Each structure stands twice: as structure tokens, then as C-alpha cells.
>>> print(open('run-v3.cif').read())   # mmCIF, C-alpha atoms
data_data
#
loop_
_atom_site.group_PDB
_atom_site.id
_atom_site.type_symbol
_atom_site.label_atom_id
_atom_site.label_comp_id
_atom_site.auth_asym_id
_atom_site.auth_seq_id
_atom_site.Cartn_x
_atom_site.Cartn_y
_atom_site.Cartn_z
ATOM 1 C CA MET R 1 173.951 -28.073 190.074
ATOM 2 C CA HIS R 2 170.928 -29.744 191.570
ATOM 3 C CA PHE R 3 169.363 -32.967 190.235
ATOM 4 C CA GLN R 4 165.723 -33.660 191.046
ATOM 5 C CA SER R 5 162.496 -35.101 189.758
ATOM 6 C CA PRO R 6 159.866 -32.438 189.157
ATOM 7 C CA GLN R 7 157.289 -32.575 191.948
ATOM 8 C CA THR R 8 155.111 -29.466 191.817
ATOM 9 C CA ASP R 9 152.939 -28.183 188.982
ATOM 10 C CA ALA R 10 155.398 -25.316 188.490
ATOM 11 C CA GLU R 11 158.377 -27.692 188.270
ATOM 12 C CA PHE R 12 156.587 -29.836 185.687
ATOM 13 C CA GLU R 13 155.815 -26.678 183.671
ATOM 14 C CA TRP R 14 159.520 -25.757 183.705
ATOM 15 C CA TYR R 15 160.471 -29.337 182.814
ATOM 16 C CA TYR R 16 158.109 -29.604 179.817
ATOM 17 C CA ALA R 17 158.876 -26.062 178.620
ATOM 18 C CA PHE R 18 162.587 -26.882 178.535
ATOM 19 C CA ARG R 19 161.966 -30.221 176.828
ATOM 20 C CA TRP R 20 159.874 -28.560 174.126
ATOM 21 C CA LYS R 21 162.336 -25.704 173.642
ATOM 22 C CA MET R 22 165.363 -27.987 173.254
ATOM 23 C CA LEU R 23 163.894 -31.049 171.537
ATOM 24 C CA ARG R 24 160.774 -30.006 169.626
ATOM 25 C CA LYS R 25 160.883 -26.313 168.777
ATOM 26 C CA PRO R 26 164.031 -26.623 166.599
ATOM 27 C CA TRP R 27 162.130 -29.135 164.437
ATOM 28 C CA GLY R 28 159.099 -26.841 164.088
ATOM 29 C CA GLN R 29 156.892 -29.021 166.275
ATOM 30 C CA GLU R 30 154.021 -27.530 168.241
ATOM 31 C CA LYS R 31 153.877 -27.129 172.006
ATOM 32 C CA GLY R 32 152.320 -30.235 173.457
ATOM 33 C CA SER R 33 154.408 -32.518 171.240
ATOM 34 C CA GLU R 34 156.920 -32.838 174.094
ATOM 35 C CA LYS R 35 154.486 -35.124 175.931
ATOM 36 C CA ASP R 36 153.484 -38.634 174.946
ATOM 37 C CA GLU R 37 151.685 -41.715 176.234
ATOM 38 C CA CYS R 38 154.684 -42.778 178.388
ATOM 39 C CA GLU R 39 154.683 -39.748 180.711
ATOM 40 C CA ASP R 40 152.863 -41.433 183.600
ATOM 41 C CA GLU R 41 155.162 -44.460 183.474
ATOM 42 C CA ALA R 42 158.422 -42.530 183.058
ATOM 43 C CA TYR R 43 160.924 -41.246 185.575
ATOM 44 C CA GLN R 44 161.625 -37.584 184.820
ATOM 45 C CA LEU R 45 164.725 -35.763 185.976
ATOM 46 C CA MET R 46 165.718 -32.147 185.667
ATOM 47 C CA VAL R 47 168.960 -30.380 186.415
ATOM 48 C CA THR R 48 168.794 -26.860 187.803
ATOM 49 C CA GLU R 49 171.397 -24.260 188.553
ATOM 50 C CA GLU R 50 170.581 -21.052 190.380
ATOM 51 C CA GLU R 51 166.850 -21.852 190.019
ATOM 52 C CA LYS R 52 167.130 -22.210 186.223
ATOM 53 C CA VAL R 53 166.548 -25.481 184.369
ATOM 54 C CA ILE R 54 169.687 -26.408 182.433
ATOM 55 C CA GLY R 55 168.835 -29.987 181.484
ATOM 56 C CA VAL R 56 166.084 -32.599 181.510
ATOM 57 C CA GLY R 57 165.844 -36.315 180.873
ATOM 58 C CA ARG R 58 163.425 -39.200 181.039
ATOM 59 C CA LEU R 59 163.774 -42.922 181.650
ATOM 60 C CA HIS R 60 161.154 -45.565 181.116
ATOM 61 C CA GLY R 61 161.002 -49.292 180.678
ATOM 62 C CA MET R 62 160.694 -50.907 177.274
ATOM 63 C CA GLU R 63 159.075 -54.152 176.360
ATOM 64 C CA LYS R 64 161.513 -56.924 175.684
ATOM 65 C CA THR R 65 161.678 -57.324 171.913
ATOM 66 C CA ILE R 66 164.144 -60.168 171.599
#
>>> encode(input="run-v3.cif", output="C-alpha cells")
Amino acid sequence: MHFQSPQTDAEFEWYYAFRWKMLRKPWGQEKGSEKDECEDEAYQLMVTEEEKVIGVGRLHGMEKTI
């Protein structure tokens, strides 16, 4: 397994395609719904194995609400 942040246009395409397929498609949501207003502020990570994406994740800060 290899953990990395997507860097190239192709890697971001793989990242968002996987995110849509796993998190949005099962709920009948359209392509494009996998992106939101936090993308530029977030830290994206993808896990690959034998040049295939097998997992993705995203971290971003939240405003303090308490």
C-alpha cells in the first residue's frame, strides 16, 4: 500500500472518481457532488495498491463551536 496526497491532475481525477463512486453514487447523487466548498482548504489523502486507488480521505479544520 502507498499513502499519498494527490498531486497531478490525473491523481485528483482518480481521487474524486473514487470518492464519488464510494460515497455519492450509492445514494443516487450526481457526479460533481463529491466536491464542496472546503476542497481548497482540505488535506486529501489517497491509498493506492498496484496503481489502483483503494481508499481516500479528507481532513480539514472546523470552526470552534463551543
>>> atom_distance(input="run-v3.cif", atom1="atom CA of R:Met62", atom2="atom CA of R:Leu45")
17.9 Å
>>> resolve_selection(input="run-v3.cif", expression="the PyMOL selection byres ((chain R and resi 31) around 10)", output="PyMOL selection string")
chain R and resi 16-17+19-21+24-25+28-30+32-35
>>> atom_distance(input="run-v3.cif", atom1="atom CA of R:Trp27", atom2="atom CA of R:Arg58")
19.5 Å
>>> atom_distance(input="run-v3.cif", atom1="atom CA of R:Asp40", atom2="atom CA of R:His2")
22.9 Å
>>> residues_around(input="run-v3.cif", residues="R:Pro6", least_positions_apart="2", cutoff="12 Å", atoms="only C-alpha atoms", output="PyMOL selection string")
chain R and resi 2-4+8-16+42-48+53+56-58
>>> closest_residue(input="run-v3.cif", among="R:Ser5, R:Pro26, R:Asp36, R:Phe18", to="R:Gly55", atoms="all atoms listed in the file")
R:Phe18
